[in-house]
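Asker: Can you read through this structure? Questions will come right after.
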Amino acid sequence: MLQFNKWKAFSIIAIIIAGIVMALPNVLPDNVRKGMPAFLPSSPMTLGLDLRGGAHMVLEIDQQSLRKILVTQLRGDVRQVLFTDNKIKHKISRGSGGEIIAVISDPGEVEKAGEELRRLARPVNTGFFGQGADVPEIDIDQSGNRFTLKFSDQGFTDRIRRTVEQAISVLGNRLNPDGTLELTIQRQGDDRVLVQVPGVDDAEIARLKGLIDKPGFLQFRLLCDDQPSQVGQRAPLGCEAIPTRENAEFVNWVQTSRRATVDGSLLNDARPGFDQRNGEPIVSFTFNQKGALQFGKLTQANVNKRFGIILDGVVVSAPSINEPILGGSGQISGNFSVEEANDLSIVLRSGALPAKLIIVQESLVGPSLGSDSIKAGFIACVLGLAAVLVFMVISYGLFGLFANLALVVNLMLLIGLLSILQATLTLPGIAGIVLTMGMAVDSNVLVFERVREEVRNGRSPLNAIETGFARALSTILDANITTLIAAVILFGMGSGPIRGFAVTLGFGIVTTVFTAFTLTRLVVAWWIRRYRPKTVPI
């Protein structure tokens, strides 16, 4: 048990040196870290929101608005299938429960209409890994020439899942267009998205919330020939009243025909800039091939007419079409500030959110509070370490010093491991480090108490030490493995601070078993070989 060959001893020392090197970036100044050779680790631990400051938000899909969007899309699909594609005459209406009702006018076309409508019922798999049964996304009931279409529960659940995935993609492009923020965007539950943005101040947090709040739905729509002459005037047939950006009470009448509309989803790019004529901030945009063709036809057929640029249900500008715009590019102006133009370009580039997102949980941590947390956590670690060091020396003398050496090395290995794996350190994570220090000496206490017991039983110093290490090993492994299982469960089932605590606790258990048993045993073996003790100073 106390025999170490040269290669085994060398391996233990090499692991310790590697751990110290990995931990060094956490105490070195920035300029020194940047000047380190490329083959050496130079990244410190990643700090969580509670230590760096930042924003923690949980967003939830507004299921009511999503259902409304899906019903509108379903109505359009029904009209497309029946009339546009097959010229089947029908009457269509929307029921109070979100169903679409289509009544076929010609009895001879009912069978064909049923076949075409059932093509809309896309199958949805309800099992894990595609092993479940397929159910239709849309339930279709037929009563004579009357068809009732409604999203099934499984179909709506599947749409929520797909909406969350799309929202995560859009938010990633919108909140981090340059890839410079260390933000976290991930699914939480069935209909929620977790957003964590560390290291941002209050002003930046407010700006990010503004980006989240914007659905980003853009349309280019022709204005009606007649416009309101007074507030509250009713829009004529075929027109819709949409408020303007400058004054919500002032509206423009905008045509409702799809032929007079080009969607912003056809945009290829959007960039902030400045108008060369007056220097005011603008957003320049370019369409993809399909969008350029549609926009070109729209402007070519409506020269000298006005069209509205509508963002999220508000007319931001309503320029006149002086000549056909055939190049597939243009600009949006509307008395924007430089920041508004930049944010608008980001929203348009990232695309529209698939549904409204509601902030159901919000936690904002200022940088000053984060620095206070770091200071408090550092003081707690120092006090805990000092108390443990003193206790071990008082209780076990020279062997207490051996345990203290292993404890300090254990702390450096843990910090090095967290650094090299870029694990996020949170305030609960600091609590995990403090707990690890107690658990580290606990393993040595088991060994030392066992050695004391063997000495009392009359064994020689060498035999007592070797027997103490051998018989304490199973107890040490049992205690640490059960704690490791608990840490794994906490990490798998927890979130946020709980996972931070589980990470440091789990890594701490690994380093504890290594230092408390392997390193301490190596130091004791060297001491015995060097001094050949006649008694055990414990």
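Residue numbering restarts at 1 for every chain of the structure tokens, chains are lettered A, B, ... in their displayed order, and ligands are numbered from 1 as they appear.
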When you look at Pro228 of chain A with a cut-off of 10 Å (counting only C-alpha atoms), what residues show up, excluding the ones that are within fewer than 2 positions of it in the same chain? I need them as a PyMOL selection string.
Answerer: chain A and resi 224+226+230-236+241+250-253
Asker: Name the residues of segment 301-500 of chain A that fall into alpha helix (DSSP H) according to DSSP on the backbone, using the chain letters and numbers of this document, as a VMD selection string.
Answerer: chain A and resid 338 to 350 367 to 420 427 to 456 461 to 493 497 to 500
Asker: Grab the atom CA of Leu194 of chain A to atom CA of Leu49 of chain A distance for me, in Å with one decimal place.
Answerer: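 Rounded to one decimal, the two atoms are 13.1 Å apart.
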Asker: Counting only C-alpha atoms, what are the residues of segment 35-125 of chain A within 12 Å of segment 131-151 of chain A, and for each of them which pair of atoms is the nearest and at what distance in Å, to one decimal? Sort the table by chain and rising number, as a tab-separated table.
Answerer:
residue	atom	partner	partner_atom	distance
A:Leu66	CA	A:Phe151	CA	11.8
A:Arg67	CA	A:Phe151	CA	8.9
A:Lys68	CA	A:Phe151	CA	11.3
A:Ile69	CA	A:Phe151	CA	11.9
A:Leu70	CA	A:Phe151	CA	8.5
A:Val71	CA	A:Lys150	CA	8.1
A:Thr72	CA	A:Lys150	CA	11.4
A:Gln73	CA	A:Phe151	CA	11.4
A:Leu74	CA	A:Leu149	CA	8.4
A:Arg75	CA	A:Leu149	CA	9.1
A:Asp77	CA	A:Leu149	CA	11.1
A:Val78	CA	A:Leu149	CA	9.0
A:Leu82	CA	A:Phe147	CA	11.8
A:Lys89	CA	A:Asn145	CA	11.5
A:His90	CA	A:Asn145	CA	9.6
A:Lys91	CA	A:Arg146	CA	9.5
A:Ile92	CA	A:Phe147	CA	9.6
A:Ser93	CA	A:Thr148	CA	9.8
A:Arg94	CA	A:Thr148	CA	9.5
A:Gly95	CA	A:Thr148	CA	8.9
A:Ser96	CA	A:Lys150	CA	11.3
A:Gly97	CA	A:Lys150	CA	8.7
A:Gly98	CA	A:Lys150	CA	6.8
A:Glu99	CA	A:Lys150	CA	4.6
A:Ile100	CA	A:Leu149	CA	5.1
A:Ile101	CA	A:Thr148	CA	4.6
A:Ala102	CA	A:Phe147	CA	5.2
A:Val103	CA	A:Arg146	CA	4.5
A:Ile104	CA	A:Asn145	CA	5.4
A:Ser105	CA	A:Asn145	CA	7.7
A:Asp106	CA	A:Asn145	CA	8.4
A:Pro107	CA	A:Asn145	CA	6.7
A:Gly108	CA	A:Asn145	CA	9.6
A:Glu109	CA	A:Asn145	CA	8.9
A:Val110	CA	A:Asn145	CA	5.8
A:Glu111	CA	A:Asn145	CA	8.8
A:Lys112	CA	A:Asn145	CA	11.0
A:Ala113	CA	A:Phe147	CA	9.0
A:Gly114	CA	A:Phe147	CA	7.8
A:Glu115	CA	A:Ile140	CA	11.0
A:Glu116	CA	A:Ile140	CA	11.5
A:Leu117	CA	A:Ile140	CA	8.2
A:Arg118	CA	A:Ile140	CA	7.2
A:Arg119	CA	A:Ile138	CA	9.9
A:Leu120	CA	A:Ile138	CA	7.3
A:Ala121	CA	A:Ile138	CA	4.8
A:Arg122	CA	A:Glu137	CA	5.3
A:Pro123	CA	A:Pro136	CA	4.4
A:Val124	CA	A:Asp134	CA	5.2
A:Asn125	CA	A:Asp134	CA	4.5
Asker: Can you list every residue in segment 266-449 of chain A that DSSP puts in strand (DSSP E or B), as an MDAnalysis selection string?
Answerer: chainID A and resid 267:274 281:287 306:311 314:317 320 329:332 357:365 424:425
Asker: What are the closest atom pairs, with distances in Å to one decimal, for each residue of segment 405-507 of chain A lying within 7 Å of segment 375-390 of chain A, using only C-alpha atoms, rows by chain and rising residue number, as CSV?
Answerer:
residue,atom,partner,partner_atom,distance
A:Ile430,CA,A:Gly377,CA,6.2
A:Val434,CA,A:Cys381,CA,5.8
A:Met437,CA,A:Leu385,CA,7.0
Asker: Write out as CSV a residue-level contact list of segment 356-435 of chain A versus segment 24-36 of chain A with cut-off 10 Å: for each qualifying residue the closest pair of atoms and the distance in Å to one decimal, counting only C-alpha atoms, rows sorted by chain and residue number upward.
Answerer:
residue,atom,partner,partner_atom,distance
A:Met412,CA,A:Leu24,CA,8.7
A:Ile415,CA,A:Asn26,CA,8.3
A:Gly416,CA,A:Leu24,CA,7.6
A:Ser419,CA,A:Asn26,CA,8.0
Asker: For Leu211 of chain A, please output as a VMD selection string all residues within 9 Å (counting only C-alpha atoms; exclusion window: fewer than 4 positions along the same chain).
Answerer: chain A and resid 171 174 to 175 206 to 207 215 to 216 343 to 344 346 to 347
Asker: List the spatial neighbours of Thr483 of chain A as a count of residues only - criterion: any atom at most 12 Å away, only C-alpha atoms, same-chain residues fewer than 2 positions off excluded.
Answerer: 24
Asker: In Å, how far is it from atom CA of Ala341 of chain A to atom CA of Phe220 of chain A?
Answerer: 17.6 Å
Asker: Name the residues in contact with segment 449-456 of chain A at a cut-off of 12 Å, using only C-alpha atoms, excluding same-chain residues fewer than 5 positions from it; report them as a list in words.
Answerer: Ser395, Tyr396, Phe399, Gly400, Val441, Asp442, Ser443, Asn444, Pro461, Leu462, Asn463, Ala464, Ile465, Glu466, Thr467, Gly468, Phe469, Ala470, Arg471, Ala472, Leu473, Thr475, Ile476, Lys534, Thr535, Val536, Pro537 and Ile538 of chain A
Asker: Could you save those same residues with N, CA and C atoms as a PDB file, in the first residue's frame?
Answerer:
ATOM      1  N   SER A 395      -5.236  18.627  15.618  1.00  0.00           N
ATOM      2  CA  SER A 395      -5.740  17.271  15.859  1.00  0.00           C
ATOM      3  C   SER A 395      -4.726  16.183  15.510  1.00  0.00           C
ATOM      4  N   TYR A 396      -3.913  16.387  14.444  1.00  0.00           N
ATOM      5  CA  TYR A 396      -3.093  15.287  13.957  1.00  0.00           C
ATOM      6  C   TYR A 396      -1.609  15.640  13.800  1.00  0.00           C
ATOM      7  N   PHE A 399       0.971  14.666  10.695  1.00  0.00           N
ATOM      8  CA  PHE A 399       0.074  14.097   9.692  1.00  0.00           C
ATOM      9  C   PHE A 399      -0.998  15.118   9.273  1.00  0.00           C
ATOM     10  N   GLY A 400      -1.321  16.032  10.185  1.00  0.00           N
ATOM     11  CA  GLY A 400      -2.224  17.121   9.835  1.00  0.00           C
ATOM     12  C   GLY A 400      -1.614  18.028   8.785  1.00  0.00           C
ATOM     13  N   VAL A 441     -10.582  16.856   3.750  1.00  0.00           N
ATOM     14  CA  VAL A 441      -9.904  16.456   4.990  1.00  0.00           C
ATOM     15  C   VAL A 441     -10.676  15.345   5.682  1.00  0.00           C
ATOM     16  N   ASP A 442     -11.956  15.219   5.391  1.00  0.00           N
ATOM     17  CA  ASP A 442     -12.743  14.143   5.988  1.00  0.00           C
ATOM     18  C   ASP A 442     -12.177  12.777   5.592  1.00  0.00           C
ATOM     19  N   SER A 443     -11.727  12.663   4.347  1.00  0.00           N
ATOM     20  CA  SER A 443     -11.122  11.406   3.911  1.00  0.00           C
ATOM     21  C   SER A 443      -9.835  11.132   4.681  1.00  0.00           C
ATOM     22  N   ASN A 444      -9.033  12.167   4.903  1.00  0.00           N
ATOM     23  CA  ASN A 444      -7.802  11.989   5.676  1.00  0.00           C
ATOM     24  C   ASN A 444      -8.099  11.670   7.129  1.00  0.00           C
ATOM     25  N   PRO A 461       4.673   1.066  13.702  1.00  0.00           N
ATOM     26  CA  PRO A 461       4.297   2.273  12.949  1.00  0.00           C
ATOM     27  C   PRO A 461       4.048   2.007  11.464  1.00  0.00           C
ATOM     28  N   LEU A 462       4.968   1.290  10.815  1.00  0.00           N
ATOM     29  CA  LEU A 462       4.802   1.046   9.378  1.00  0.00           C
ATOM     30  C   LEU A 462       3.555   0.202   9.108  1.00  0.00           C
ATOM     31  N   ASN A 463       3.374  -0.847   9.921  1.00  0.00           N
ATOM     32  CA  ASN A 463       2.218  -1.725   9.736  1.00  0.00           C
ATOM     33  C   ASN A 463       0.914  -0.993  10.020  1.00  0.00           C
ATOM     34  N   ALA A 464       0.900  -0.142  11.064  1.00  0.00           N
ATOM     35  CA  ALA A 464      -0.303   0.603  11.422  1.00  0.00           C
ATOM     36  C   ALA A 464      -0.695   1.573  10.309  1.00  0.00           C
ATOM     37  N   ILE A 465       0.307   2.280   9.752  1.00  0.00           N
ATOM     38  CA  ILE A 465       0.012   3.256   8.677  1.00  0.00           C
ATOM     39  C   ILE A 465      -0.493   2.535   7.431  1.00  0.00           C
ATOM     40  N   GLU A 466       0.196   1.433   7.064  1.00  0.00           N
ATOM     41  CA  GLU A 466      -0.215   0.717   5.853  1.00  0.00           C
ATOM     42  C   GLU A 466      -1.613   0.113   6.017  1.00  0.00           C
ATOM     43  N   THR A 467      -1.884  -0.460   7.189  1.00  0.00           N
ATOM     44  CA  THR A 467      -3.206  -1.034   7.439  1.00  0.00           C
ATOM     45  C   THR A 467      -4.282   0.037   7.482  1.00  0.00           C
ATOM     46  N   GLY A 468      -3.959   1.200   8.055  1.00  0.00           N
ATOM     47  CA  GLY A 468      -4.925   2.299   8.122  1.00  0.00           C
ATOM     48  C   GLY A 468      -5.356   2.760   6.750  1.00  0.00           C
ATOM     49  N   PHE A 469      -4.383   2.940   5.839  1.00  0.00           N
ATOM     50  CA  PHE A 469      -4.725   3.353   4.470  1.00  0.00           C
ATOM     51  C   PHE A 469      -5.535   2.269   3.756  1.00  0.00           C
ATOM     52  N   ALA A 470      -5.144   0.999   3.929  1.00  0.00           N
ATOM     53  CA  ALA A 470      -5.812  -0.088   3.214  1.00  0.00           C
ATOM     54  C   ALA A 470      -7.259  -0.250   3.661  1.00  0.00           C
ATOM     55  N   ARG A 471      -7.493  -0.223   4.987  1.00  0.00           N
ATOM     56  CA  ARG A 471      -8.833  -0.484   5.490  1.00  0.00           C
ATOM     57  C   ARG A 471      -9.756   0.737   5.378  1.00  0.00           C
ATOM     58  N   ALA A 472      -9.195   1.937   5.245  1.00  0.00           N
ATOM     59  CA  ALA A 472     -10.034   3.132   5.099  1.00  0.00           C
ATOM     60  C   ALA A 472     -10.457   3.371   3.662  1.00  0.00           C
ATOM     61  N   LEU A 473      -9.777   2.669   2.721  1.00  0.00           N
ATOM     62  CA  LEU A 473     -10.050   2.920   1.306  1.00  0.00           C
ATOM     63  C   LEU A 473     -11.504   2.640   0.940  1.00  0.00           C
ATOM     64  N   THR A 475     -14.174   2.631   2.783  1.00  0.00           N
ATOM     65  CA  THR A 475     -15.064   3.632   3.384  1.00  0.00           C
ATOM     66  C   THR A 475     -15.000   4.947   2.625  1.00  0.00           C
ATOM     67  N   ILE A 476     -13.791   5.349   2.253  1.00  0.00           N
ATOM     68  CA  ILE A 476     -13.617   6.600   1.498  1.00  0.00           C
ATOM     69  C   ILE A 476     -14.328   6.520   0.156  1.00  0.00           C
ATOM     70  N   LYS A 534      10.076   5.505  14.661  1.00  0.00           N
ATOM     71  CA  LYS A 534       9.833   4.450  15.647  1.00  0.00           C
ATOM     72  C   LYS A 534       8.423   4.563  16.233  1.00  0.00           C
ATOM     73  N   THR A 535       7.820   5.789  16.149  1.00  0.00           N
ATOM     74  CA  THR A 535       6.446   6.006  16.615  1.00  0.00           C
ATOM     75  C   THR A 535       5.677   6.772  15.546  1.00  0.00           C
ATOM     76  N   VAL A 536       4.382   6.790  15.705  1.00  0.00           N
ATOM     77  CA  VAL A 536       3.533   7.519  14.756  1.00  0.00           C
ATOM     78  C   VAL A 536       3.129   8.847  15.387  1.00  0.00           C
ATOM     79  N   PRO A 537       3.623   9.993  14.862  1.00  0.00           N
ATOM     80  CA  PRO A 537       3.288  11.314  15.445  1.00  0.00           C
ATOM     81  C   PRO A 537       1.909  11.794  14.993  1.00  0.00           C
ATOM     82  N   ILE A 538       0.893  11.176  15.514  1.00  0.00           N
ATOM     83  CA  ILE A 538      -0.457  11.492  15.021  1.00  0.00           C
ATOM     84  C   ILE A 538      -1.383  11.790  16.187  1.00  0.00           C
TER      85      ILE A 538
END
Asker: May I ask for the distance between atom CA of Ile325 of chain A and atom CA of Leu237 of chain A, given in Å to one decimal place?
Answerer: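 These atoms are spaced 28.0 Å apart.
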